[in-house]
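Here is the structure we will look at, set down as C-alpha cells.
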Amino acid sequence: MNLDAAVQTFLVESRELLDEMEHSLLHLETDAADHEQINSIFRAAHTIKGSAGLFDFETMVSFTHHVESLLEKMRSGAISIDDDGIALLLACVDHIGTLLEPAINGQPLDEQIQVHGEVLLQRLKHSDTPTLSTMGAAAHQTIPIPPPILSAAQPGEQEAATECWHISLRFGRDVLRNGMDPLAFLRYLTTLGDIVHLTTLTDAMPAAEEMDPETCYLGFEVGFKSEADKATIENVFEFVRDDCLIRILPPHSKLSDYIRLIHELPEDKIRLGDLLVASGALTSAELDCGLCMQAEEDTRAGLSTATDAHTRPLGEILVQQGTVDAAVVNAALDKQQQSKERKAQESRFIRVEAEKLDQLITLVGELVIAGAGTSLLAQRAGLSEILESTSTLARLVEEVRNSTMSLRMVQIGATFQRFERVVRDVSRDLSKDIVLAISGGDTELDKSVVEKLGDPLMHLVRNAMDHGIEPKELRVARGKPAQARVMLNAYHDAGSIVIEVTDDGGGLNRDKILQKALARGLVTPSQTLTEQEIWSLIFEPGFSTAATVSNLSGRGVGMDVVKRNIEALRGTVELDSQAGRGTLVRIRLPLTLAIIDGFLVGVSHARYVIPLDMVRECLELTADDRQTALDRGYISLRGEVLPLVQLRDLFAIDGTTARRANIVVVRFGGLKAGLVVDTLLGESQTVIKPVGKLFSNLKCMSGFTILGSGDVALILDIPRLLQHITNTVAAQYTAA
Amino acid sequence: MPIQSEQDGACCRLQIVGDMTIYTAADLQQQLCDALVTGAELEVDLSQVSELDTAGVQQLLFAAREATRLGKTLRLLAPNAVTREVLELYRLEASLGALVVTPAHAPEASPPHDTASCQEALP
C-alpha cells in the first residue's frame, strides 16, 4: 500500500471525524442527556487515536488518549457533562486538528502548540477529579426484587433463585491492542447497577513462552444487580460485541439456560458449574437439577426439538422458550438492521482524487466539442441515418456531461454547519445570545466553489454578529427577542446559486455610510444615490462604519475582500438593509465553472455564446421598429422598459447590418436587458475555456469556446454586461 | 516505565514507576520472567504505579501463576490507590490479595479517587 496515500486518507478522515465530534459536542450542549452523541464522540476519538497509532504519531495518540479518558468518564456518568466540559472538549478537538499537519509532515511542533497542548492536558487531568458519586450512589440504590416463584409443576422450566443478572464475558484476543480496556466496560457497568460478584478467569492464559503481553486472555463471570433491561446491559459492550463472547442471563433465568451457558463457554464444564455456584448464580441443588433435566431431555425428545429448531428462526425459539421477551428480540433485530444499513451507507461512497475528476471533466469537454463537430459534418452530408445516430450520440454525451458535472457537486450544508461553532464561540466572546438558523443545506454547488466560499462567508457571518446584532439590552429596549438570529440560506435561481446571510440586528446606518463616503470623496454632495448604491458603498476598499475596531471585524478590510473573492468566482454580492430590522447579504454564484448550456448567436461572422440559464426569451426586431428602437436605446416589452445593447456596436464589428435583427432578452439578478443580434443559432453545449492573461481586463466576456466547426466563440459575461448597461444608462441620465 | 531491579540475597525486588499498561506490558513480562528465574523470592513494589490497565493486571496474574508453578514466593508490596481500585474492581483480592503486603510505614498515595473511598464517604 502506498503510505503517502494512506496518510492522506488519514488526514481527510480525521478532519471529518473532528467535524463530527464538533457537531456532536454542539448538539450535546443543547441536550446533555443525549447518550448517543457521547458515544459517537467517543467512537470518533477512538478511531482517530487508532489510526494515528498506525502511523506512529505519538503526540496525537497520547493527547487523544487523555481526551478519550475524559469522554469515557462522561460516558459512564462519573463526570457530569457540563458547559465547561464541552468547552474543554471543543478546545481539545481544535488542538487535535492542529496536531494533524505537523504529524503528517513530520515537523516538530512549534512551541505555542506544545504549550497549548500541555495546558489542555492539565485541564483534562483536573477534570478527572470531581464526583465519582454516581458509582457509589448506584451501589446503594439496589431495590429489593420480589423473591422468585418456583413452579414445581414444571421442573424443566425451573428458575434460578438469584436476583442477579449473570454476565459471562470472554474478551477477544485483540481488545487490548485495539485500545479497548475491559476495565472501562466494567466501570461503565457499575453505573447501571451493582456488581455483586465477579470472577476473573485466567484459564486461557498460555504458558510463559507463548504468552503475548498485548493479548487479552482474561474472562469474567459477573453477578450483576440492576434495574436496567437487557438491551441496556448489552449496549455496555457495544464496542466489543463483534469479537467477544458475551452471554447475559436475566435474573431468575431458567436452569436450562444456565446449563446451556456452561456448554457454550470455553472452560471446563465442571469448573464453570462450580463457578456459578460459588458466585451465587445457582445453588448446587439447582445445578444438579438442571443437569439431570438436560440429560433426560436429551434422551427423551432430542430429535423433535432439533428438527423444530432448524425450521424456526432463532429469535422465535428464544421467545418461545421464554429466554427473552419479544421486545428484546425486536430491539436486537432493529439493531442488526441499523448496522446493516450503516454498512450499506458506508459502501455507497468512494473517495476519488479531485485531480482524476478534473481530468474526466476536461475529457468530457473535449468529447462535447468533438461531438458537436461530428453532428455538423453529418448535417452537411445530409445523410439521415448518420444524422439520427449523431443525435443519439449528442443526447448521450449530454447525459454524460451532466452526470460528470454532478460528480463535482456537493451540498452546501456541511459548509453551513461549520458556522454553528463559529456562532457559538463568537457569541460567547461578544456576550450576545445568538443562534444560527440554517436552511437550504441540501442545495448543491461545485466543490471548487464551496471551498472558496468559506472565507467570504466567515467574514459576513462575523460581521453580522459583531456589527449587525445589537447588545442584548438594546434589543430588549427595542422590543426584539433577546436571542438574536443569524440565518444562512441557499437556493437555486436562474442557473445560479444564491446564498443569503441574514441577521435580525440593527441594520446599516444609511446616514453614517453617506457621511463616511462624502468624507472619503467617494460621492459628491450633489449626487442623489439610490438605496442600492448606498449599500454598495460598503464594498469599497477600506470602508468601515464600525465606531470601534474589535478583534473580529471593523478594520475596514472585510467587505471589499468579500466582494473580490466572490467576483473571482464569477459571482456577485448585493446587500439590503432595513434600519432596526436587520441586514441581508445575497451572494449569487454560477453553478459550475467548466461546462454550461449555451445559446449561440451571430453578429456578422462573429459568434457569441450566452449562458442559456440567463436567456429569458427571444424577440424579432422588425425593420420598421428597428430605427426608432435603436435611437431610443430601449423598447417597451409588455409595458416594461427594456434597455437594448447592440452587440455590433459593443464589440465594434464591421460589416453591413443584416436586414432582420433579433433581440435576446437576458436576465440576471434583478436586471434585464435586450441584446440585439443578427442571427439566433440555437442551443449548444459549451465548454468554457478561460481566456489568457492578456485578455483578463476585457469586460463583458467570461471565456471562449470552440464550436463544432472549429470556430471560436466568445462567451458573454452577462452579469458584467448588465452592470455596464445600468452604468451607461445612469450616466446618460445624469448627463442629460 | 522504568523498572528498578534490586537483588537482596535470594530476594529480587522490582519497583514499578509509572504506567503499567499495554504500552509497557512486554517490558514488564520480560523483567518478571527474568526475576522469577534468578531469585527464590520476588517482590513487586506497586507504590509508584501511576496507571494500571487490564494488560498490567494480566501481568500480575501471570506472575502469580508462574510463581506458583515454579514454587517461588511472590509478594506485591504496598499497592497504592490506583492499583487497589483496579484490583478491587476485578475482585482479585481472593487470588492476589494473599500476596499483597502493605507495610505499616508505606506512605499513602496521593488523594485517592477510587470507588472504595467514595463509598466510604457516603452515608
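We name chains A, B, ... following the order of the C-alpha cells; residues begin at 1 in each chain, and ligands are numbered from 1 as shown.
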Open item on the list: For the structure I just gave you, how does DSSP split stretch 2-41 of chain B - specifically, which residues are strand (DSSP E)? Reply as a PyMOL selection string.
Closed with: chain B and resi 3-8+11-16+18-20+41
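Counting only C-alpha atoms, stretch 47-52 of chain B has the following residues at most 8 Å away, ignoring those fewer than 2 positions along the same chain: Gln15, Ile16, Val17, Gly18, Asp19, Met20, Thr21, Asp45, Thr54, Ala55, Gly56, Val57, Leu77, Ala78, Pro79, Asn80, Val82, Thr83, Val86 and Ala109 of chain B.
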Just the selected residues (N, CA and C atoms), exported as a CSV table (one decimal), in the first residue's frame, please.
```csv
chain,number,residue,atom,x,y,z
B,15,GLN,N,10.7,-2.5,41.4
B,15,GLN,CA,9.8,-1.4,41.7
B,15,GLN,C,9.4,-0.8,40.4
B,16,ILE,N,8.1,-0.7,40.3
B,16,ILE,CA,7.5,-0.2,39.0
B,16,ILE,C,7.1,1.3,39.2
B,17,VAL,N,7.8,2.1,38.4
B,17,VAL,CA,7.5,3.5,38.5
B,17,VAL,C,6.8,4.0,37.2
B,18,GLY,N,5.6,4.5,37.3
B,18,GLY,CA,4.9,5.0,36.1
B,18,GLY,C,3.8,4.0,35.7
B,19,ASP,N,3.5,4.0,34.4
B,19,ASP,CA,2.4,3.3,33.9
B,19,ASP,C,2.6,1.8,33.8
B,20,MET,N,1.6,1.0,34.2
B,20,MET,CA,1.6,-0.4,34.0
B,20,MET,C,0.5,-0.7,33.0
B,21,THR,N,0.8,-0.5,31.7
B,21,THR,CA,-0.3,-0.6,30.8
B,21,THR,C,0.2,-1.4,29.6
B,45,ASP,N,7.0,-4.0,43.8
B,45,ASP,CA,6.6,-2.8,44.6
B,45,ASP,C,5.6,-2.0,43.7
B,54,THR,N,-5.8,-3.4,32.0
B,54,THR,CA,-6.0,-4.8,32.0
B,54,THR,C,-4.7,-5.6,31.6
B,55,ALA,N,-4.0,-5.0,30.7
B,55,ALA,CA,-2.7,-5.7,30.4
B,55,ALA,C,-1.8,-5.8,31.6
B,56,GLY,N,-1.8,-4.7,32.4
B,56,GLY,CA,-1.0,-4.7,33.6
B,56,GLY,C,-1.5,-5.8,34.6
B,57,VAL,N,-2.8,-5.8,34.8
B,57,VAL,CA,-3.3,-6.8,35.7
B,57,VAL,C,-3.0,-8.2,35.2
B,77,LEU,N,4.0,-5.5,46.9
B,77,LEU,CA,4.3,-4.6,48.0
B,77,LEU,C,3.5,-3.3,47.8
B,78,ALA,N,2.9,-2.8,48.9
B,78,ALA,CA,2.3,-1.5,49.0
B,78,ALA,C,1.6,-1.0,47.8
B,79,PRO,N,0.5,-1.7,47.4
B,79,PRO,CA,-0.2,-1.2,46.2
B,79,PRO,C,-0.9,0.1,46.6
B,80,ASN,N,-0.8,1.1,45.7
B,80,ASN,CA,-1.3,2.4,46.0
B,80,ASN,C,-2.8,2.5,45.6
B,82,VAL,N,-4.3,3.7,43.1
B,82,VAL,CA,-4.6,3.4,41.7
B,82,VAL,C,-4.7,1.9,41.5
B,83,THR,N,-3.7,1.2,42.0
B,83,THR,CA,-3.7,-0.3,41.8
B,83,THR,C,-4.8,-0.9,42.6
B,86,VAL,N,-8.2,-0.9,40.8
B,86,VAL,CA,-8.4,-1.8,39.8
B,86,VAL,C,-8.5,-3.2,40.3
B,109,ALA,N,-0.8,6.8,49.1
B,109,ALA,CA,-0.7,7.5,47.8
B,109,ALA,C,-1.5,8.8,47.8
```
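Distances to A:Arg570 were evaluated for A:Pro719, A:Gly655, A:Pro690, A:Gly440 using only C-alpha atoms, and the minimum falls at A:Pro719.
Note that atom CA of A:Val585 and atom CA of A:Ile434 are 17.8 Å apart.
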The distance between atom CA of A:Ala629 and atom CA of A:Val665 is 14.6 Å
- prompt: Which one is closest to chain B: A:Asp274, A:Asp84, A:Glu118, A:Glu221? Count only C-alpha atoms.
  reply: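 Under the stated criterion, the closest residue is A:Glu221.
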